[in-house]
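Colleague: Below you'll find the structure I mean.
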Amino acid sequence: MIRVLLVEDDRDLRATLRDALALEGYEVSTAASLSEGLALWAHARPAPDLVLLDLGLPDGDGETLLATLRRRDATPVLVISARQADGQKIRLLDAGADDYLVKPFSIAELLARLRVALRRRGTATRPAQTRYEAGGLVVDLSAHRVSLAGDAVHLTPTEFKLLARLVRSAGQVVTHRQLLADVWGDEFTEHTHYLRLYMGQLRAKLEADPADPRLLLTEPGVGYRLLD
């Protein structure tokens, strides 16, 4: 899975971009400040495959993070900023940014430019898994629809996000920590009771026998797996 570090201080935009990238199958870490972005980049193992970088951060300018990255490696960096001046764009591109996208922009354009930047650096991209069918369960992430034996199933937003994360890794174990980070946020990685509660709710809606699940499987001590 391709790992993206998103550094953006606008909470709503950060959430929108995170959800859009996750839907496309990217593993996303988020930072709301320059210092947090630097810390996440420095300590991430494995390192991010790409950085989406805002410039106007509360504790400094994103250009500082770009300079730090370029002193150490060639990780693709896409700048996302409301600053439109040509001189600013040229300076950032000359400093090593792979692209510069002016806000507001469409999600489709962002995703296309992200794919181009990854290809330029030799990172293969593949279509995200957005549809799942097994045991009468059909999940269409693009249409935001879930059905069981032909009947529509209503899920809460959080239930859908949890199921969508498992769909994108169908057949693979997703750890407790990764699920909590992707669905609730990095600050919730120790709240395993959230997972138990919401997995119970999903199983009640999607399994013939929630006490003996055949689709939403538990990997004891590790995480959960959606039957492939």
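Starting from 1 in every chain, residues are counted up; chains themselves are A, B, ... following the order of the structure tokens, and ligands are numbered from 1 as listed.
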Name the residues of region 14-203 of chain A that fall into alpha helix (DSSP H) according to DSSP on the backbone, using the chain letters and numbers of this document, as a PDB file with C-alpha atoms, in the first residue's frame.
Modeller:
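What follows is the written file result_36.pdb:
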```pdb
ATOM      1  CA  ARG A  14      -7.504  17.615   5.982  1.00  0.00           C
ATOM      2  CA  ALA A  15     -10.411  15.270   6.713  1.00  0.00           C
ATOM      3  CA  THR A  16     -11.744  15.562   3.143  1.00  0.00           C
ATOM      4  CA  LEU A  17      -8.378  14.799   1.575  1.00  0.00           C
ATOM      5  CA  ARG A  18      -7.675  11.978   3.999  1.00  0.00           C
ATOM      6  CA  ASP A  19     -10.998  10.275   3.225  1.00  0.00           C
ATOM      7  CA  ALA A  20     -10.556  10.744  -0.545  1.00  0.00           C
ATOM      8  CA  LEU A  21      -7.043   9.283  -0.485  1.00  0.00           C
ATOM      9  CA  ALA A  22      -8.095   6.400   1.734  1.00  0.00           C
ATOM     10  CA  LEU A  23     -10.947   5.588  -0.646  1.00  0.00           C
ATOM     11  CA  LEU A  34       5.101  21.975  10.578  1.00  0.00           C
ATOM     12  CA  SER A  35       6.585  20.378  13.707  1.00  0.00           C
ATOM     13  CA  GLU A  36       4.138  17.469  13.584  1.00  0.00           C
ATOM     14  CA  GLY A  37       4.843  16.921   9.896  1.00  0.00           C
ATOM     15  CA  LEU A  38       8.595  16.894  10.488  1.00  0.00           C
ATOM     16  CA  ALA A  39       8.209  14.429  13.368  1.00  0.00           C
ATOM     17  CA  LEU A  40       5.972  12.066  11.409  1.00  0.00           C
ATOM     18  CA  TRP A  41       8.274  12.121   8.399  1.00  0.00           C
ATOM     19  CA  ALA A  42      11.403  11.593  10.499  1.00  0.00           C
ATOM     20  CA  HIS A  43      10.036   8.664  12.497  1.00  0.00           C
ATOM     21  CA  GLY A  62       5.789  24.300   4.667  1.00  0.00           C
ATOM     22  CA  GLU A  63       8.765  25.366   2.569  1.00  0.00           C
ATOM     23  CA  THR A  64      10.900  24.483   5.604  1.00  0.00           C
ATOM     24  CA  LEU A  65       9.716  20.879   5.472  1.00  0.00           C
ATOM     25  CA  LEU A  66      10.385  20.737   1.735  1.00  0.00           C
ATOM     26  CA  ALA A  67      13.953  21.943   2.297  1.00  0.00           C
ATOM     27  CA  THR A  68      14.502  19.347   5.023  1.00  0.00           C
ATOM     28  CA  LEU A  69      13.199  16.561   2.814  1.00  0.00           C
ATOM     29  CA  ARG A  70      15.335  17.568  -0.125  1.00  0.00           C
ATOM     30  CA  ARG A  71      18.486  17.552   1.974  1.00  0.00           C
ATOM     31  CA  ARG A  72      17.873  13.877   2.760  1.00  0.00           C
ATOM     32  CA  ASP A  86       4.028  32.685 -10.189  1.00  0.00           C
ATOM     33  CA  GLY A  87       7.200  33.606  -8.339  1.00  0.00           C
ATOM     34  CA  GLN A  88       6.143  31.469  -5.365  1.00  0.00           C
ATOM     35  CA  LYS A  89       5.359  28.493  -7.585  1.00  0.00           C
ATOM     36  CA  ILE A  90       8.633  28.754  -9.478  1.00  0.00           C
ATOM     37  CA  ARG A  91      10.678  29.042  -6.287  1.00  0.00           C
ATOM     38  CA  LEU A  92       9.043  25.961  -4.744  1.00  0.00           C
ATOM     39  CA  LEU A  93       9.422  23.914  -7.933  1.00  0.00           C
ATOM     40  CA  ASP A  94      13.072  24.956  -8.217  1.00  0.00           C
ATOM     41  CA  ILE A 107     -10.093  15.849  -5.801  1.00  0.00           C
ATOM     42  CA  ALA A 108      -9.869  14.261  -9.258  1.00  0.00           C
ATOM     43  CA  GLU A 109      -7.093  16.655 -10.305  1.00  0.00           C
ATOM     44  CA  LEU A 110      -5.206  16.076  -7.060  1.00  0.00           C
ATOM     45  CA  LEU A 111      -5.368  12.304  -7.496  1.00  0.00           C
ATOM     46  CA  ALA A 112      -4.206  12.544 -11.110  1.00  0.00           C
ATOM     47  CA  ARG A 113      -1.228  14.720 -10.199  1.00  0.00           C
ATOM     48  CA  LEU A 114      -0.387  12.412  -7.309  1.00  0.00           C
ATOM     49  CA  ARG A 115      -0.298   9.423  -9.666  1.00  0.00           C
ATOM     50  CA  VAL A 116       1.938  11.304 -12.093  1.00  0.00           C
ATOM     51  CA  ALA A 117       4.382  12.254  -9.324  1.00  0.00           C
ATOM     52  CA  LEU A 118       4.580   8.663  -8.115  1.00  0.00           C
ATOM     53  CA  ARG A 119       5.138   7.309 -11.635  1.00  0.00           C
ATOM     54  CA  ARG A 120       7.944   9.812 -12.231  1.00  0.00           C
ATOM     55  CA  PRO A 157     -20.724   6.940   8.755  1.00  0.00           C
ATOM     56  CA  THR A 158     -18.234   5.344  11.153  1.00  0.00           C
ATOM     57  CA  GLU A 159     -19.433   1.819  10.394  1.00  0.00           C
ATOM     58  CA  PHE A 160     -19.051   2.515   6.680  1.00  0.00           C
ATOM     59  CA  LYS A 161     -15.530   3.921   7.103  1.00  0.00           C
ATOM     60  CA  LEU A 162     -14.501   0.851   9.088  1.00  0.00           C
ATOM     61  CA  LEU A 163     -15.969  -1.532   6.529  1.00  0.00           C
ATOM     62  CA  ALA A 164     -14.415   0.463   3.664  1.00  0.00           C
ATOM     63  CA  ARG A 165     -10.973   0.194   5.268  1.00  0.00           C
ATOM     64  CA  LEU A 166     -11.346  -3.576   5.475  1.00  0.00           C
ATOM     65  CA  VAL A 167     -12.612  -3.766   1.883  1.00  0.00           C
ATOM     66  CA  ARG A 168      -9.512  -1.966   0.626  1.00  0.00           C
ATOM     67  CA  HIS A 176      -6.002  -2.686  15.517  1.00  0.00           C
ATOM     68  CA  ARG A 177      -3.692   0.322  15.455  1.00  0.00           C
ATOM     69  CA  GLN A 178      -4.041   0.858  11.702  1.00  0.00           C
ATOM     70  CA  LEU A 179      -7.821   0.605  11.798  1.00  0.00           C
ATOM     71  CA  LEU A 180      -8.064   3.071  14.671  1.00  0.00           C
ATOM     72  CA  ALA A 181      -5.709   5.522  12.954  1.00  0.00           C
ATOM     73  CA  ASP A 182      -7.460   5.297   9.585  1.00  0.00           C
ATOM     74  CA  VAL A 183     -11.044   5.447  10.859  1.00  0.00           C
ATOM     75  CA  THR A 192      -9.347  -0.578  21.102  1.00  0.00           C
ATOM     76  CA  HIS A 193     -12.780  -0.567  22.741  1.00  0.00           C
ATOM     77  CA  TYR A 194     -13.977   1.523  19.780  1.00  0.00           C
ATOM     78  CA  LEU A 195     -13.110  -1.340  17.462  1.00  0.00           C
ATOM     79  CA  ARG A 196     -14.843  -3.970  19.574  1.00  0.00           C
ATOM     80  CA  LEU A 197     -18.001  -1.856  19.702  1.00  0.00           C
ATOM     81  CA  TYR A 198     -18.167  -1.037  15.997  1.00  0.00           C
ATOM     82  CA  MET A 199     -17.114  -4.484  14.795  1.00  0.00           C
ATOM     83  CA  GLY A 200     -19.931  -5.874  16.915  1.00  0.00           C
ATOM     84  CA  GLN A 201     -22.352  -3.477  15.251  1.00  0.00           C
ATOM     85  CA  LEU A 202     -21.110  -4.380  11.762  1.00  0.00           C
ATOM     86  CA  ARG A 203     -21.390  -8.082  12.459  1.00  0.00           C
TER      87      ARG A 203
END
```
Colleague: Using only C-alpha atoms, which residues sit within 8 Å of Ile2 (chain A) once same-chain residues fewer than 4 positions away are excluded, as a list in words?
Modeller: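 Counting only the stated atoms, we get Gly25, Tyr26, Glu27, Pro48, Asp49 and Thr125 of chain A.
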Colleague: Name all residues at most 10 Å from Arg145 (chain A) (count only C-alpha atoms; drop same-chain ones fewer than 4 positions away) and give them as number ranges by chain.
Modeller: A: 131, 138-141, 152-155, 160
Colleague: Could you write those residues out with N, CA and C atoms, as a tab-separated table (two decimals), in the first residue's frame?
Modeller:
```
chain	number	residue	atom	x	y	z
A	131	ARG	N	-14.96	-2.21	-4.82
A	131	ARG	CA	-16.15	-3.06	-4.84
A	131	ARG	C	-15.78	-4.43	-4.25
A	138	VAL	N	-22.51	-7.22	-0.75
A	138	VAL	CA	-21.97	-6.39	-1.83
A	138	VAL	C	-21.70	-5.00	-1.26
A	139	VAL	N	-20.44	-4.56	-1.39
A	139	VAL	CA	-20.05	-3.24	-0.93
A	139	VAL	C	-19.52	-2.46	-2.12
A	140	ASP	N	-20.14	-1.33	-2.43
A	140	ASP	CA	-19.70	-0.46	-3.51
A	140	ASP	C	-19.26	0.85	-2.87
A	141	LEU	N	-17.94	1.02	-2.71
A	141	LEU	CA	-17.44	2.20	-2.01
A	141	LEU	C	-17.68	3.47	-2.82
A	152	ALA	N	-30.77	-3.48	0.82
A	152	ALA	CA	-29.88	-2.41	1.24
A	152	ALA	C	-29.65	-2.46	2.75
A	153	VAL	N	-28.43	-2.19	3.14
A	153	VAL	CA	-28.06	-2.17	4.56
A	153	VAL	C	-27.65	-0.75	4.92
A	154	HIS	N	-28.26	-0.21	5.95
A	154	HIS	CA	-27.91	1.13	6.40
A	154	HIS	C	-26.78	1.04	7.42
A	155	LEU	N	-25.69	1.75	7.14
A	155	LEU	CA	-24.56	1.83	8.06
A	155	LEU	C	-24.38	3.27	8.50
A	160	PHE	N	-19.43	2.60	8.09
A	160	PHE	CA	-19.05	2.51	6.68
A	160	PHE	C	-17.55	2.72	6.51
```
Colleague: Compare A:Arg11, A:Arg225, A:Pro220, A:Val77 by their minimum atom-to-atom distance to Thr30 (chain A), counting only C-alpha atoms, and give me the closest one.
Modeller: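 Under the stated criterion, the closest residue is A:Arg11.
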Colleague: Which residue, A:Thr156, A:Thr123, A:Ser33, A:Ser147, has the smallest gap to Leu50 (chain A) when you use only C-alpha atoms?
Modeller: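 Among the listed residues, A:Thr123 lies closest to Leu50 (chain A).
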Colleague: From the DSSP assignment of the backbone, select every residue of chain A that is strand (DSSP E or B), and format the answer as a short mmCIF file (atom, residue, chain, number, x, y, z; two decimals) with N, CA and C atoms, in the first residue's frame.
Modeller:
```cif
data_model
loop_
_atom_site.label_atom_id
_atom_site.label_comp_id
_atom_site.auth_asym_id
_atom_site.auth_seq_id
_atom_site.Cartn_x
_atom_site.Cartn_y
_atom_site.Cartn_z
N ARG A 3 2.03 4.89 0.88
CA ARG A 3 1.89 5.69 2.09
C ARG A 3 2.02 7.18 1.75
N VAL A 4 1.06 7.97 2.21
CA VAL A 4 1.04 9.41 1.96
C VAL A 4 1.05 10.15 3.29
N LEU A 5 1.92 11.14 3.40
CA LEU A 5 1.92 12.04 4.55
C LEU A 5 1.25 13.34 4.11
N LEU A 6 0.15 13.69 4.76
CA LEU A 6 -0.62 14.90 4.45
C LEU A 6 -0.38 15.92 5.55
N VAL A 7 0.20 17.06 5.19
CA VAL A 7 0.47 18.14 6.15
C VAL A 7 -0.42 19.32 5.78
N GLU A 27 -2.55 4.68 2.18
CA GLU A 27 -2.44 4.71 3.63
C GLU A 27 -1.99 6.12 4.01
N VAL A 28 -2.82 6.83 4.77
CA VAL A 28 -2.61 8.26 5.00
C VAL A 28 -2.28 8.55 6.46
N SER A 29 -1.19 9.30 6.67
CA SER A 29 -0.89 9.89 7.97
C SER A 29 -1.08 11.39 7.84
N THR A 30 -1.61 12.02 8.89
CA THR A 30 -1.90 13.45 8.80
C THR A 30 -1.19 14.24 9.88
N ALA A 31 -0.83 15.47 9.53
CA ALA A 31 -0.22 16.41 10.47
C ALA A 31 -0.87 17.77 10.27
N LEU A 50 5.02 9.61 -0.50
CA LEU A 50 4.70 10.91 -1.08
C LEU A 50 4.23 11.83 0.05
N VAL A 51 4.53 13.13 -0.11
CA VAL A 51 4.10 14.13 0.87
C VAL A 51 3.20 15.15 0.17
N LEU A 52 2.01 15.39 0.75
CA LEU A 52 1.14 16.48 0.33
C LEU A 52 1.33 17.60 1.34
N LEU A 53 1.76 18.77 0.89
CA LEU A 53 2.26 19.78 1.80
C LEU A 53 1.60 21.14 1.60
N ASP A 54 0.90 21.61 2.64
CA ASP A 54 0.40 22.97 2.66
C ASP A 54 1.55 23.90 3.07
N GLY A 56 1.04 27.42 4.42
CA GLY A 56 0.71 28.29 5.55
C GLY A 56 0.33 27.49 6.78
N LEU A 57 1.32 27.06 7.54
CA LEU A 57 1.08 26.25 8.73
C LEU A 57 1.20 27.12 9.98
N GLY A 60 4.94 27.73 11.19
CA GLY A 60 6.00 27.95 10.21
C GLY A 60 5.50 27.73 8.80
N ASP A 61 6.41 27.79 7.86
CA ASP A 61 6.05 27.63 6.45
C ASP A 61 6.42 26.23 5.97
N VAL A 77 7.01 15.40 -3.46
CA VAL A 77 6.29 16.40 -2.66
C VAL A 77 5.36 17.19 -3.56
N LEU A 78 4.07 17.17 -3.24
CA LEU A 78 3.08 17.98 -3.94
C LEU A 78 2.67 19.11 -3.01
N VAL A 79 2.92 20.34 -3.41
CA VAL A 79 2.52 21.49 -2.62
C VAL A 79 1.07 21.82 -2.93
N ILE A 80 0.27 22.03 -1.86
CA ILE A 80 -1.13 22.46 -2.03
C ILE A 80 -1.27 23.76 -1.25
N SER A 81 -1.58 24.86 -1.97
CA SER A 81 -1.55 26.16 -1.32
C SER A 81 -2.53 27.12 -1.98
N ASP A 99 5.24 19.18 -7.77
CA ASP A 99 4.09 19.83 -8.38
C ASP A 99 3.57 20.87 -7.41
N TYR A 100 2.74 21.78 -7.93
CA TYR A 100 2.19 22.86 -7.12
C TYR A 100 0.73 23.02 -7.53
N LEU A 101 -0.16 22.78 -6.60
CA LEU A 101 -1.59 22.80 -6.87
C LEU A 101 -2.23 23.93 -6.07
N VAL A 102 -2.91 24.84 -6.76
CA VAL A 102 -3.50 26.00 -6.11
C VAL A 102 -4.90 25.67 -5.62
N ARG A 131 -14.96 -2.21 -4.82
CA ARG A 131 -16.15 -3.06 -4.84
C ARG A 131 -15.78 -4.43 -4.25
N TYR A 132 -16.68 -4.94 -3.43
CA TYR A 132 -16.44 -6.22 -2.76
C TYR A 132 -17.73 -7.05 -2.81
N GLU A 133 -17.57 -8.33 -3.13
CA GLU A 133 -18.72 -9.25 -3.15
C GLU A 133 -18.29 -10.58 -2.55
N ALA A 134 -19.03 -11.04 -1.57
CA ALA A 134 -18.79 -12.36 -0.97
C ALA A 134 -19.95 -12.70 -0.04
N LEU A 137 -22.88 -10.48 0.44
CA LEU A 137 -22.58 -9.09 0.79
C LEU A 137 -21.97 -8.38 -0.41
N VAL A 138 -22.51 -7.22 -0.75
CA VAL A 138 -21.97 -6.39 -1.83
C VAL A 138 -21.70 -5.00 -1.26
N VAL A 139 -20.44 -4.56 -1.39
CA VAL A 139 -20.05 -3.24 -0.93
C VAL A 139 -19.52 -2.46 -2.12
N ASP A 140 -20.14 -1.33 -2.43
CA ASP A 140 -19.70 -0.46 -3.51
C ASP A 140 -19.26 0.85 -2.87
N ARG A 145 -22.71 2.34 -1.22
CA ARG A 145 -23.84 1.43 -1.04
C ARG A 145 -23.38 0.09 -0.49
N VAL A 146 -24.20 -0.47 0.41
CA VAL A 146 -23.96 -1.79 0.97
C VAL A 146 -25.26 -2.56 0.91
N SER A 147 -25.20 -3.80 0.43
CA SER A 147 -26.40 -4.64 0.40
C SER A 147 -26.05 -6.04 0.85
N LEU A 148 -27.04 -6.72 1.39
CA LEU A 148 -26.88 -8.09 1.85
C LEU A 148 -28.05 -8.91 1.33
N ASP A 151 -30.73 -6.84 -0.29
CA ASP A 151 -31.39 -5.79 0.49
C ASP A 151 -30.38 -4.75 0.95
N ALA A 152 -30.77 -3.48 0.82
CA ALA A 152 -29.88 -2.41 1.24
C ALA A 152 -29.65 -2.46 2.75
N VAL A 173 -4.82 -9.02 6.89
CA VAL A 173 -5.07 -8.59 8.26
C VAL A 173 -4.73 -7.10 8.37
N VAL A 174 -5.66 -6.34 8.95
CA VAL A 174 -5.42 -4.93 9.24
C VAL A 174 -5.33 -4.80 10.76
N THR A 175 -4.24 -4.27 11.25
CA THR A 175 -4.01 -4.25 12.69
C THR A 175 -4.99 -3.31 13.40
N LEU A 216 -16.38 -11.05 8.56
CA LEU A 216 -15.59 -10.11 9.35
C LEU A 216 -14.85 -10.90 10.42
N LEU A 217 -13.62 -11.26 10.12
CA LEU A 217 -12.89 -12.23 10.94
C LEU A 217 -11.93 -11.54 11.91
N THR A 218 -11.81 -12.12 13.09
CA THR A 218 -10.87 -11.63 14.10
C THR A 218 -9.55 -12.38 14.00
N GLU A 219 -8.46 -11.65 14.00
CA GLU A 219 -7.14 -12.25 14.12
C GLU A 219 -6.67 -11.94 15.54
N GLY A 223 -5.63 -7.97 14.83
CA GLY A 223 -6.56 -7.06 14.18
C GLY A 223 -7.74 -7.80 13.59
N TYR A 224 -8.18 -7.34 12.42
CA TYR A 224 -9.35 -7.93 11.76
C TYR A 224 -9.04 -8.13 10.28
N ARG A 225 -9.80 -9.03 9.68
CA ARG A 225 -9.62 -9.35 8.26
C ARG A 225 -10.99 -9.59 7.64
N LEU A 226 -11.19 -9.02 6.46
CA LEU A 226 -12.40 -9.29 5.69
C LEU A 226 -12.12 -10.44 4.74
#
```
Colleague: For a test of reading the model, state the distance in Å between CA of Thr130 (chain A) and CA of Ala211 (chain A), rounded to one decimal.
Modeller: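 Separation of CA of Thr130 (chain A) and CA of Ala211 (chain A): 27.3 Å.
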Colleague: By how many Å are CA of Leu13 (chain A) and CA of Met1 (chain A) apart?
Modeller: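 Answer for the CA of Leu13 (chain A) to CA of Met1 (chain A) separation: 22.7 Å.
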